[in-house]
Structure formats: structure tokens, C-alpha cells
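Colleague: Dropping the structure in here first, questions after.
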Amino acid sequence: MSQALQSLLDLLDLEQIEENIFRGQSRPAIVPRVFGGQVAAQALVAAGRTVPEDRLAHSLHAYFLRTGDPGAPIVYTVERMNDGRSFTARRVVAVQHGQPIFALSASFQKHEEGFDHQAPMPAAPDPATLPTSAERLRGYRHIAPEVIEKFLEAREAIDLRYVDEPPFGKFGAPREPHSQVWFRTNGKLADDPLLHVVLATYVSDMTLLDSILLAHGRGGWATGDVVGASLDHAMWFHRPFRADEWLLYDQESPSAHGGRGLGQARIYTQDGQLAISVIQEGVVRAPREH
């Protein structure tokens with residue numbers, strides 16, 4: 001296991017300070033706030049710690065309420081909404097400096113058999129044929145050296161490979177609002193199913209709004225031609241998967257309007273199983289002139 005991955009696992013391993021209350025640390029992100037994937041993953045860890053082991057996460061719905069302070073710990077309080085025969089529901093509020101910054105509802109289910117169908121996996125090149133994130137990003141240092149270095153540091157624990165050029169790699173003209181990346185952790189993980197769901201949640205916030213930028217020829221956070229932030233985030237976990245094995249993140253944007261943009265995606269295992277569906281809305285605006 002890489003040191004970067006161990007550091008990420010340590011970041012996601014919350015301290016329990018009271019029944020239903022947990023504390024997590026934070027670290028600087030690419031922008032001067034807490035990375036949304038971090039707070040979502042930590043909140044899911046907090047919820048999962050209060051659920052029987054035989055119940056697996058099948059969905060989460062979350063709102064980003066305030067900008068998080070990367071220099072301060074985050075306290076997560078868990079409300080036990082329901083413990084039914086098949087499903088368990090939890091609500092988690094993340095607090096910093098006495099104010100809620102994030103709220104998550106998550107549902108867990110006992111395994112059961114049922115109907116089975118799925119959308120087919122789209123075509124995508126083998127991840128082994130693609131440059132690593134570090135190899136590709138180093139080619140963009142001339143665009144924004146400091147930001148690219150932050151991208152490299154933030155993604156050191158994750159092997160994330162773009163199928164095509166990311167928004168900041170080729171901008172200035174609109175492209176199809178569709179993007180694909182392959183990802184897996186840079187090292188093997190334990191067999192704990194919650195851990196794999198948590199790592200996928202963490203990564204899911206890294207590139208989901210990219211397809212909005214592509215539609216408008218914007219480079220994004222690296223080039224400074226947009227300002228934005230996640231507003232809400234929803235995920236459905238359909239089938240078992242491992243976050244330390246290749247997952248295809250197929251993303252698109254059906255709409256942008258009123259300073260908001262919508263990203264939606266499906267995540268497939270390398271053998272074609274639809275593992276996760278994701279939807280996120282974010283603020284995406286052109287910078288305001290002073």
C-alpha cells in the first residue's frame with residue numbers, strides 16, 4: 001500500500017468521541033476549502049459505524065451547506081432514523097465552528113435476492129493503455145503550475161486515468177458534455193464492504209462536474225475561468241465492487257442553467273457490472289468582473 005493511500009485511510013478513520021458522535025480531521029484541498037468528497041466519505045463512515053455489519057450501504061443523499069475549514073476538525077453527529085427488518089436509515093450532520101457545513105442521509109440494506117437488470121457498459125479503452133493521472137497532469141504544468149501540483153498531491157492515493165483530455169487540458173471551444181475516467185486506489189484494501197463504498201464516494205466528487213465545463217469550453221478550477229462548488233450529491237450502490245480494482249466513471253451533463261449545472265454518471269466494474277449511479281448539482285459560474 002502506498003503511503004499516500006495509508007494517509008487517506010487514516011483521514012477517513014474517524015475518532016468516536018461519544019455515542020453517535022464522531023470527529024474527523026481535514027487537510028487542504030485544491031481550492032481553499034474542505035474537499036467535498038472528503039466530508040461525504042467521512043459522513044458515510046460515521047453513519048456506517050452505527051449500522052449492523054450485515055447491512056450494506058445502498059444509497060446516500062447529501063447537501064453541501066457551507067464552505068468547510070481545512071484547518072479545523074469536523075464533528076459528525078449521527079441520528080438513528082430507522083432500524084427496520086430489511087433497511088436501516090441514518091442522518092448525519094457535519095459541524096465546524098458551531099455551524100453545520102454538510103448533511104447526509106444514508107440507507108443500508110440486508111442482502112436479499114431479487115430482479116436483476118442493468119444498462120450496458122459503454123465502450124471505453126483499457127485503462128492499462130492510458131497515461132496515469134500524474135503522467136497526464138505533468139503535461140499541463142505550463143497552464144497553472146501551482147494548481148497542477150495540488151491536483152497531483154490530492155490524487156496521489158488514487159490511480160485516476162482520463163480517457164480524453166480533461167477540461168483544463170484542451171479548452172476554449174465547446175466539446176461534447178461527456179467524460180470518462182478509470183480509477184482505483186493505489187494499493188489493495190481490506191475486504192470491508194463499507195471501506196470500498198467510502199473510497200468510491202471520495203473519488204466521485206473529483207471529476208463529476210467536468211462534463212459541464214466541457215460543454216462550454218471552460219478549463220475550470222485550474223485555469224480560473226469558472227467559479228463553482230458542489231451543492232448536492234446522490235449515489236446509489238447497486239452491486240458489489242472493489243475500489244482497489246478498476247472502475248469506469250462514465251459522466252455527462254444534461255443541463256446547465258441559472259448558475260447551476262448538473263452532472264450524472266454511472267460507475268462500472270471492469271467486467272461490465274453497473275456498480276453505482278451518481279448525480280450531483282453544482283454552482284458553475286463565469287468569474288464576476290470587478
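Ligands are numbered from 1 in the order shown, chains are lettered A, B, ... in the order of the C-alpha cells, and residues start at 1 in each chain.
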Skip Ala124 in chain A itself and residues of its chain fewer than 6 positions away, then list as a list in words all residues within 12 Å of it, counting only C-alpha atoms.
Modeller: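 The residues that qualify are Leu130, Arg161, Tyr162, Val163, Asp164, Ser179, Gln180, Val181, Trp182, Leu247, Leu248, Tyr249, Asp250, Tyr268, Thr269, Gln270, Asp271 and Gly272 of chain A.
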Colleague: Okay, now the selection with N, CA, C and O atoms, as a PDB file, in the first residue's frame?
Modeller:
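Result saved to selection-v2.pdb:
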ATOM      1  N   LEU A 130      -3.839   3.771 -21.024  1.00  0.00           N
ATOM      2  CA  LEU A 130      -3.964   5.212 -20.809  1.00  0.00           C
ATOM      3  C   LEU A 130      -2.851   5.723 -19.904  1.00  0.00           C
ATOM      4  O   LEU A 130      -2.379   4.996 -19.025  1.00  0.00           O
ATOM      5  N   ARG A 161      -7.307   7.794 -14.351  1.00  0.00           N
ATOM      6  CA  ARG A 161      -6.835   7.923 -15.729  1.00  0.00           C
ATOM      7  C   ARG A 161      -7.943   8.465 -16.635  1.00  0.00           C
ATOM      8  O   ARG A 161      -8.985   7.830 -16.810  1.00  0.00           O
ATOM      9  N   TYR A 162      -7.699   9.641 -17.198  1.00  0.00           N
ATOM     10  CA  TYR A 162      -8.649  10.250 -18.126  1.00  0.00           C
ATOM     11  C   TYR A 162      -8.623   9.506 -19.460  1.00  0.00           C
ATOM     12  O   TYR A 162      -7.557   9.226 -20.015  1.00  0.00           O
ATOM     13  N   VAL A 163      -9.808   9.243 -20.013  1.00  0.00           N
ATOM     14  CA  VAL A 163      -9.894   8.652 -21.347  1.00  0.00           C
ATOM     15  C   VAL A 163      -9.554   9.703 -22.401  1.00  0.00           C
ATOM     16  O   VAL A 163      -8.836   9.436 -23.365  1.00  0.00           O
ATOM     17  N   ASP A 164     -10.080  10.923 -22.249  1.00  0.00           N
ATOM     18  CA  ASP A 164      -9.777  12.037 -23.143  1.00  0.00           C
ATOM     19  C   ASP A 164      -9.162  13.173 -22.341  1.00  0.00           C
ATOM     20  O   ASP A 164      -9.007  13.069 -21.126  1.00  0.00           O
ATOM     21  N   SER A 179     -17.619  12.776 -20.330  1.00  0.00           N
ATOM     22  CA  SER A 179     -16.240  12.445 -19.995  1.00  0.00           C
ATOM     23  C   SER A 179     -16.187  11.077 -19.329  1.00  0.00           C
ATOM     24  O   SER A 179     -17.164  10.614 -18.728  1.00  0.00           O
ATOM     25  N   GLN A 180     -15.031  10.442 -19.432  1.00  0.00           N
ATOM     26  CA  GLN A 180     -14.803   9.145 -18.808  1.00  0.00           C
ATOM     27  C   GLN A 180     -13.452   9.149 -18.107  1.00  0.00           C
ATOM     28  O   GLN A 180     -12.476   9.693 -18.635  1.00  0.00           O
ATOM     29  N   VAL A 181     -13.416   8.551 -16.939  1.00  0.00           N
ATOM     30  CA  VAL A 181     -12.152   8.260 -16.277  1.00  0.00           C
ATOM     31  C   VAL A 181     -12.223   6.852 -15.700  1.00  0.00           C
ATOM     32  O   VAL A 181     -13.301   6.366 -15.333  1.00  0.00           O
ATOM     33  N   TRP A 182     -11.085   6.178 -15.680  1.00  0.00           N
ATOM     34  CA  TRP A 182     -10.935   4.952 -14.916  1.00  0.00           C
ATOM     35  C   TRP A 182     -10.276   5.309 -13.581  1.00  0.00           C
ATOM     36  O   TRP A 182      -9.415   6.194 -13.531  1.00  0.00           O
ATOM     37  N   LEU A 247     -12.483   0.808 -11.994  1.00  0.00           N
ATOM     38  CA  LEU A 247     -13.874   1.215 -12.136  1.00  0.00           C
ATOM     39  C   LEU A 247     -13.945   2.298 -13.202  1.00  0.00           C
ATOM     40  O   LEU A 247     -13.153   3.239 -13.198  1.00  0.00           O
ATOM     41  N   LEU A 248     -14.898   2.170 -14.130  1.00  0.00           N
ATOM     42  CA  LEU A 248     -15.095   3.166 -15.181  1.00  0.00           C
ATOM     43  C   LEU A 248     -16.155   4.167 -14.728  1.00  0.00           C
ATOM     44  O   LEU A 248     -17.294   3.787 -14.440  1.00  0.00           O
ATOM     45  N   TYR A 249     -15.778   5.439 -14.685  1.00  0.00           N
ATOM     46  CA  TYR A 249     -16.675   6.530 -14.275  1.00  0.00           C
ATOM     47  C   TYR A 249     -17.118   7.248 -15.548  1.00  0.00           C
ATOM     48  O   TYR A 249     -16.376   8.050 -16.113  1.00  0.00           O
ATOM     49  N   ASP A 250     -18.316   6.936 -16.016  1.00  0.00           N
ATOM     50  CA  ASP A 250     -18.863   7.482 -17.260  1.00  0.00           C
ATOM     51  C   ASP A 250     -19.803   8.633 -16.911  1.00  0.00           C
ATOM     52  O   ASP A 250     -20.869   8.409 -16.331  1.00  0.00           O
ATOM     53  N   TYR A 268     -18.954   1.562 -13.546  1.00  0.00           N
ATOM     54  CA  TYR A 268     -18.963   0.144 -13.906  1.00  0.00           C
ATOM     55  C   TYR A 268     -17.680  -0.533 -13.452  1.00  0.00           C
ATOM     56  O   TYR A 268     -16.596   0.062 -13.475  1.00  0.00           O
ATOM     57  N   THR A 269     -17.788  -1.804 -13.087  1.00  0.00           N
ATOM     58  CA  THR A 269     -16.602  -2.613 -12.869  1.00  0.00           C
ATOM     59  C   THR A 269     -15.981  -2.937 -14.224  1.00  0.00           C
ATOM     60  O   THR A 269     -16.626  -2.805 -15.270  1.00  0.00           O
ATOM     61  N   GLN A 270     -14.733  -3.372 -14.231  1.00  0.00           N
ATOM     62  CA  GLN A 270     -14.052  -3.624 -15.494  1.00  0.00           C
ATOM     63  C   GLN A 270     -14.706  -4.753 -16.281  1.00  0.00           C
ATOM     64  O   GLN A 270     -14.605  -4.790 -17.524  1.00  0.00           O
ATOM     65  N   ASP A 271     -15.410  -5.665 -15.611  1.00  0.00           N
ATOM     66  CA  ASP A 271     -16.089  -6.738 -16.337  1.00  0.00           C
ATOM     67  C   ASP A 271     -17.522  -6.379 -16.722  1.00  0.00           C
ATOM     68  O   ASP A 271     -18.292  -7.234 -17.151  1.00  0.00           O
ATOM     69  N   GLY A 272     -17.902  -5.086 -16.584  1.00  0.00           N
ATOM     70  CA  GLY A 272     -19.161  -4.619 -17.136  1.00  0.00           C
ATOM     71  C   GLY A 272     -20.338  -4.554 -16.195  1.00  0.00           C
ATOM     72  O   GLY A 272     -21.460  -4.250 -16.615  1.00  0.00           O
TER      73      GLY A 272
END
Colleague: Quick one: residues within 12 Å of Glu245 in chain A, only C-alpha atoms counted, chain neighbours fewer than 5 positions away excluded, as a ChimeraX atom specification?
Modeller: /A:127,158-160,182-189,196,199-200,240,268-271
Colleague: Assign secondary structure with DSSP using the backbone only, and return the residues of range 18-215 of chain A in strand (DSSP E) as a PyMOL selection string.
Modeller: chain A and resi 18+21-24+55-64+74-83+87-96+99-110+158-162+178-185
Colleague: Which of these, A:Val227, A:Val93, A:Val197, A:Ala222, has the shortest distance to Ile143 in chain A once you count only C-alpha atoms?
Modeller: A:Ala222
Colleague: Do a neighbour search on Asn82 in chain A at 12 Å with only C-alpha atoms, toss out local chain neighbours closer than 2 positions, and write the hits as a ChimeraX atom specification.
Modeller: /A:50-51,78-80,84-91,105-109
Colleague: How would the residues just chosen look if you wrote them out with N, CA and C atoms as a PDB file, in the first residue's frame?
Modeller:
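In the end it all went to selection_6.pdb:
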ATOM      1  N   THR A  50     -22.604   3.005  12.937  1.00  0.00           N
ATOM      2  CA  THR A  50     -23.770   2.794  13.808  1.00  0.00           C
ATOM      3  C   THR A  50     -24.743   1.760  13.245  1.00  0.00           C
ATOM      4  N   VAL A  51     -24.312   1.042  12.204  1.00  0.00           N
ATOM      5  CA  VAL A  51     -25.194   0.116  11.487  1.00  0.00           C
ATOM      6  C   VAL A  51     -24.661  -1.305  11.635  1.00  0.00           C
ATOM      7  N   VAL A  78     -24.676  11.594  14.398  1.00  0.00           N
ATOM      8  CA  VAL A  78     -25.494  10.628  13.671  1.00  0.00           C
ATOM      9  C   VAL A  78     -26.850  10.494  14.346  1.00  0.00           C
ATOM     10  N   GLU A  79     -27.906  10.650  13.573  1.00  0.00           N
ATOM     11  CA  GLU A  79     -29.262  10.424  14.064  1.00  0.00           C
ATOM     12  C   GLU A  79     -29.760   9.095  13.511  1.00  0.00           C
ATOM     13  N   ARG A  80     -30.203   8.225  14.414  1.00  0.00           N
ATOM     14  CA  ARG A  80     -30.684   6.898  14.002  1.00  0.00           C
ATOM     15  C   ARG A  80     -32.154   7.016  13.596  1.00  0.00           C
ATOM     16  N   GLY A  84     -35.254  -0.985  10.495  1.00  0.00           N
ATOM     17  CA  GLY A  84     -36.300  -1.914  10.111  1.00  0.00           C
ATOM     18  C   GLY A  84     -35.772  -3.323   9.916  1.00  0.00           C
ATOM     19  N   ARG A  85     -36.654  -4.219   9.469  1.00  0.00           N
ATOM     20  CA  ARG A  85     -36.245  -5.606   9.287  1.00  0.00           C
ATOM     21  C   ARG A  85     -35.277  -5.765   8.118  1.00  0.00           C
ATOM     22  N   SER A  86     -35.406  -4.903   7.090  1.00  0.00           N
ATOM     23  CA  SER A  86     -34.536  -5.003   5.925  1.00  0.00           C
ATOM     24  C   SER A  86     -33.644  -3.788   5.732  1.00  0.00           C
ATOM     25  N   PHE A  87     -34.125  -2.618   6.145  1.00  0.00           N
ATOM     26  CA  PHE A  87     -33.417  -1.377   5.871  1.00  0.00           C
ATOM     27  C   PHE A  87     -33.110  -0.613   7.153  1.00  0.00           C
ATOM     28  N   THR A  88     -31.994   0.099   7.132  1.00  0.00           N
ATOM     29  CA  THR A  88     -31.572   0.971   8.223  1.00  0.00           C
ATOM     30  C   THR A  88     -31.271   2.341   7.646  1.00  0.00           C
ATOM     31  N   ALA A  89     -31.789   3.390   8.268  1.00  0.00           N
ATOM     32  CA  ALA A  89     -31.577   4.757   7.773  1.00  0.00           C
ATOM     33  C   ALA A  89     -30.874   5.597   8.827  1.00  0.00           C
ATOM     34  N   ARG A  90     -29.943   6.418   8.379  1.00  0.00           N
ATOM     35  CA  ARG A  90     -29.203   7.313   9.255  1.00  0.00           C
ATOM     36  C   ARG A  90     -29.143   8.711   8.651  1.00  0.00           C
ATOM     37  N   ARG A  91     -29.120   9.717   9.515  1.00  0.00           N
ATOM     38  CA  ARG A  91     -28.902  11.094   9.088  1.00  0.00           C
ATOM     39  C   ARG A  91     -27.677  11.621   9.819  1.00  0.00           C
ATOM     40  N   SER A 105     -28.021  11.913   4.328  1.00  0.00           N
ATOM     41  CA  SER A 105     -28.909  10.806   4.687  1.00  0.00           C
ATOM     42  C   SER A 105     -28.419   9.575   3.950  1.00  0.00           C
ATOM     43  N   ALA A 106     -28.326   8.466   4.647  1.00  0.00           N
ATOM     44  CA  ALA A 106     -27.835   7.233   4.036  1.00  0.00           C
ATOM     45  C   ALA A 106     -28.738   6.076   4.443  1.00  0.00           C
ATOM     46  N   SER A 107     -28.883   5.117   3.537  1.00  0.00           N
ATOM     47  CA  SER A 107     -29.707   3.947   3.798  1.00  0.00           C
ATOM     48  C   SER A 107     -28.894   2.689   3.568  1.00  0.00           C
ATOM     49  N   PHE A 108     -29.126   1.695   4.419  1.00  0.00           N
ATOM     50  CA  PHE A 108     -28.391   0.439   4.388  1.00  0.00           C
ATOM     51  C   PHE A 108     -29.401  -0.705   4.319  1.00  0.00           C
ATOM     52  N   GLN A 109     -29.018  -1.812   3.696  1.00  0.00           N
ATOM     53  CA  GLN A 109     -29.953  -2.916   3.471  1.00  0.00           C
ATOM     54  C   GLN A 109     -29.296  -4.264   3.726  1.00  0.00           C
TER      55      GLN A 109
END
Colleague: Compare A:Gln280, A:Gln3, A:Thr201, A:Gln118 by their minimum atom-to-atom distance to Val39 in chain A, counting only C-alpha atoms, and give me the closest one.
Modeller: A:Thr201
Colleague: Return as a short mmCIF file (atom, residue, chain, number, x, y, z; two decimals) with N, CA, C and O atoms, in the first residue's frame the full set of residues in range 136-262 of chain A whose backbone-based DSSP assignment is alpha helix (DSSP H).
Modeller:
data_model
loop_
_atom_site.label_atom_id
_atom_site.label_comp_id
_atom_site.auth_asym_id
_atom_site.auth_seq_id
_atom_site.Cartn_x
_atom_site.Cartn_y
_atom_site.Cartn_z
N ARG A 136 -0.27 12.46 -17.20
CA ARG A 136 -1.05 13.41 -18.00
C ARG A 136 -0.98 14.82 -17.40
O ARG A 136 -0.79 15.81 -18.10
N LEU A 137 -1.12 14.92 -16.09
CA LEU A 137 -1.17 16.24 -15.46
C LEU A 137 0.16 16.99 -15.59
O LEU A 137 0.17 18.21 -15.71
N ARG A 138 1.26 16.25 -15.56
CA ARG A 138 2.57 16.94 -15.68
C ARG A 138 2.70 17.66 -17.02
O ARG A 138 3.46 18.61 -17.14
N PRO A 145 1.02 26.08 -12.84
CA PRO A 145 1.94 25.17 -12.13
C PRO A 145 1.51 24.84 -10.72
O PRO A 145 1.53 23.67 -10.32
N GLU A 146 1.10 25.84 -9.92
CA GLU A 146 0.75 25.59 -8.53
C GLU A 146 -0.51 24.73 -8.42
O GLU A 146 -0.59 23.83 -7.57
N VAL A 147 -1.50 25.01 -9.28
CA VAL A 147 -2.75 24.24 -9.23
C VAL A 147 -2.51 22.80 -9.66
O VAL A 147 -3.04 21.85 -9.05
N ILE A 148 -1.73 22.59 -10.70
CA ILE A 148 -1.44 21.24 -11.16
C ILE A 148 -0.71 20.44 -10.08
O ILE A 148 -0.99 19.25 -9.86
N GLU A 149 0.20 21.08 -9.35
CA GLU A 149 0.88 20.40 -8.25
C GLU A 149 -0.12 19.98 -7.17
O GLU A 149 -0.01 18.91 -6.58
N LYS A 150 -1.11 20.84 -6.91
CA LYS A 150 -2.15 20.48 -5.93
C LYS A 150 -3.00 19.32 -6.42
O LYS A 150 -3.40 18.44 -5.65
N PHE A 151 -3.31 19.30 -7.73
CA PHE A 151 -4.02 18.16 -8.32
C PHE A 151 -3.22 16.88 -8.10
O PHE A 151 -3.77 15.85 -7.68
N LEU A 152 -1.94 16.92 -8.39
CA LEU A 152 -1.09 15.74 -8.25
C LEU A 152 -1.06 15.25 -6.81
O LEU A 152 -1.17 14.04 -6.55
N GLU A 153 -0.95 16.17 -5.87
CA GLU A 153 -0.91 15.80 -4.46
C GLU A 153 -2.25 15.23 -4.00
O GLU A 153 -2.30 14.22 -3.29
N ALA A 154 -3.35 15.85 -4.43
CA ALA A 154 -4.68 15.42 -4.00
C ALA A 154 -5.02 14.03 -4.53
O ALA A 154 -5.80 13.30 -3.91
N PRO A 193 -16.71 -4.13 3.11
CA PRO A 193 -17.50 -3.52 2.04
C PRO A 193 -17.72 -2.02 2.22
O PRO A 193 -17.73 -1.26 1.24
N LEU A 194 -17.89 -1.57 3.48
CA LEU A 194 -18.10 -0.14 3.71
C LEU A 194 -16.89 0.66 3.25
O LEU A 194 -17.05 1.75 2.69
N LEU A 195 -15.70 0.13 3.45
CA LEU A 195 -14.49 0.85 3.05
C LEU A 195 -14.47 1.12 1.55
O LEU A 195 -14.12 2.21 1.10
N HIS A 196 -14.89 0.14 0.76
CA HIS A 196 -14.89 0.31 -0.70
C HIS A 196 -15.94 1.33 -1.13
O HIS A 196 -15.70 2.15 -2.04
N VAL A 197 -17.10 1.31 -0.48
CA VAL A 197 -18.13 2.30 -0.77
C VAL A 197 -17.64 3.70 -0.40
O VAL A 197 -17.86 4.68 -1.13
N VAL A 198 -16.98 3.82 0.73
CA VAL A 198 -16.48 5.11 1.20
C VAL A 198 -15.42 5.67 0.24
O VAL A 198 -15.43 6.86 -0.10
N LEU A 199 -14.51 4.81 -0.24
CA LEU A 199 -13.48 5.28 -1.18
C LEU A 199 -14.10 5.69 -2.51
O LEU A 199 -13.67 6.69 -3.11
N ALA A 200 -15.11 4.98 -2.98
CA ALA A 200 -15.79 5.39 -4.22
C ALA A 200 -16.51 6.71 -4.02
O ALA A 200 -16.54 7.56 -4.94
N THR A 201 -17.08 6.92 -2.84
CA THR A 201 -17.73 8.20 -2.54
C THR A 201 -16.72 9.33 -2.58
O THR A 201 -16.98 10.41 -3.13
N TYR A 202 -15.56 9.11 -2.01
CA TYR A 202 -14.49 10.11 -2.01
C TYR A 202 -14.11 10.50 -3.44
O TYR A 202 -14.05 11.69 -3.78
N VAL A 203 -13.89 9.52 -4.29
CA VAL A 203 -13.44 9.80 -5.66
C VAL A 203 -14.57 10.41 -6.50
O VAL A 203 -14.31 11.19 -7.42
N SER A 204 -15.81 10.08 -6.19
CA SER A 204 -16.93 10.51 -7.04
C SER A 204 -17.05 12.01 -7.17
O SER A 204 -17.64 12.52 -8.13
N ASP A 205 -16.48 12.77 -6.24
CA ASP A 205 -16.58 14.23 -6.28
C ASP A 205 -15.42 14.87 -7.03
O ASP A 205 -15.37 16.08 -7.17
N MET A 206 -14.49 14.07 -7.54
CA MET A 206 -13.30 14.65 -8.16
C MET A 206 -13.54 15.20 -9.56
O MET A 206 -12.99 16.24 -9.93
N THR A 207 -14.35 14.50 -10.36
CA THR A 207 -14.46 14.87 -11.78
C THR A 207 -15.88 15.00 -12.29
O THR A 207 -16.09 15.24 -13.49
N ASP A 210 -16.95 17.95 -14.48
CA ASP A 210 -16.12 18.24 -15.64
C ASP A 210 -16.93 18.34 -16.93
O ASP A 210 -16.63 19.17 -17.81
N SER A 211 -17.94 17.48 -17.06
CA SER A 211 -18.70 17.48 -18.31
C SER A 211 -19.44 18.79 -18.53
O SER A 211 -19.68 19.20 -19.67
N ILE A 212 -19.81 19.49 -17.45
CA ILE A 212 -20.41 20.82 -17.58
C ILE A 212 -19.41 21.78 -18.20
O ILE A 212 -19.73 22.56 -19.12
N LEU A 213 -18.16 21.73 -17.73
CA LEU A 213 -17.12 22.61 -18.25
C LEU A 213 -16.85 22.33 -19.72
O LEU A 213 -16.65 23.25 -20.52
N LEU A 214 -16.85 21.04 -20.09
CA LEU A 214 -16.60 20.69 -21.49
C LEU A 214 -17.63 21.31 -22.42
O LEU A 214 -17.30 21.78 -23.51
N ALA A 215 -18.90 21.32 -21.99
CA ALA A 215 -19.96 21.85 -22.84
C ALA A 215 -19.77 23.32 -23.17
O ALA A 215 -20.30 23.81 -24.17
#
Colleague: In Å to one decimal, how far is CA of Ala123 in chain A from CA of Ser230 in chain A?
Modeller: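 Pair CA of Ser230 in chain A / CA of Ala123 in chain A returns 28.2 Å.
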Colleague: If I take CA of His238 in chain A and CA of Ala62 in chain A, how far is one from the other in Å, to one decimal?
Modeller: 17.9 Å
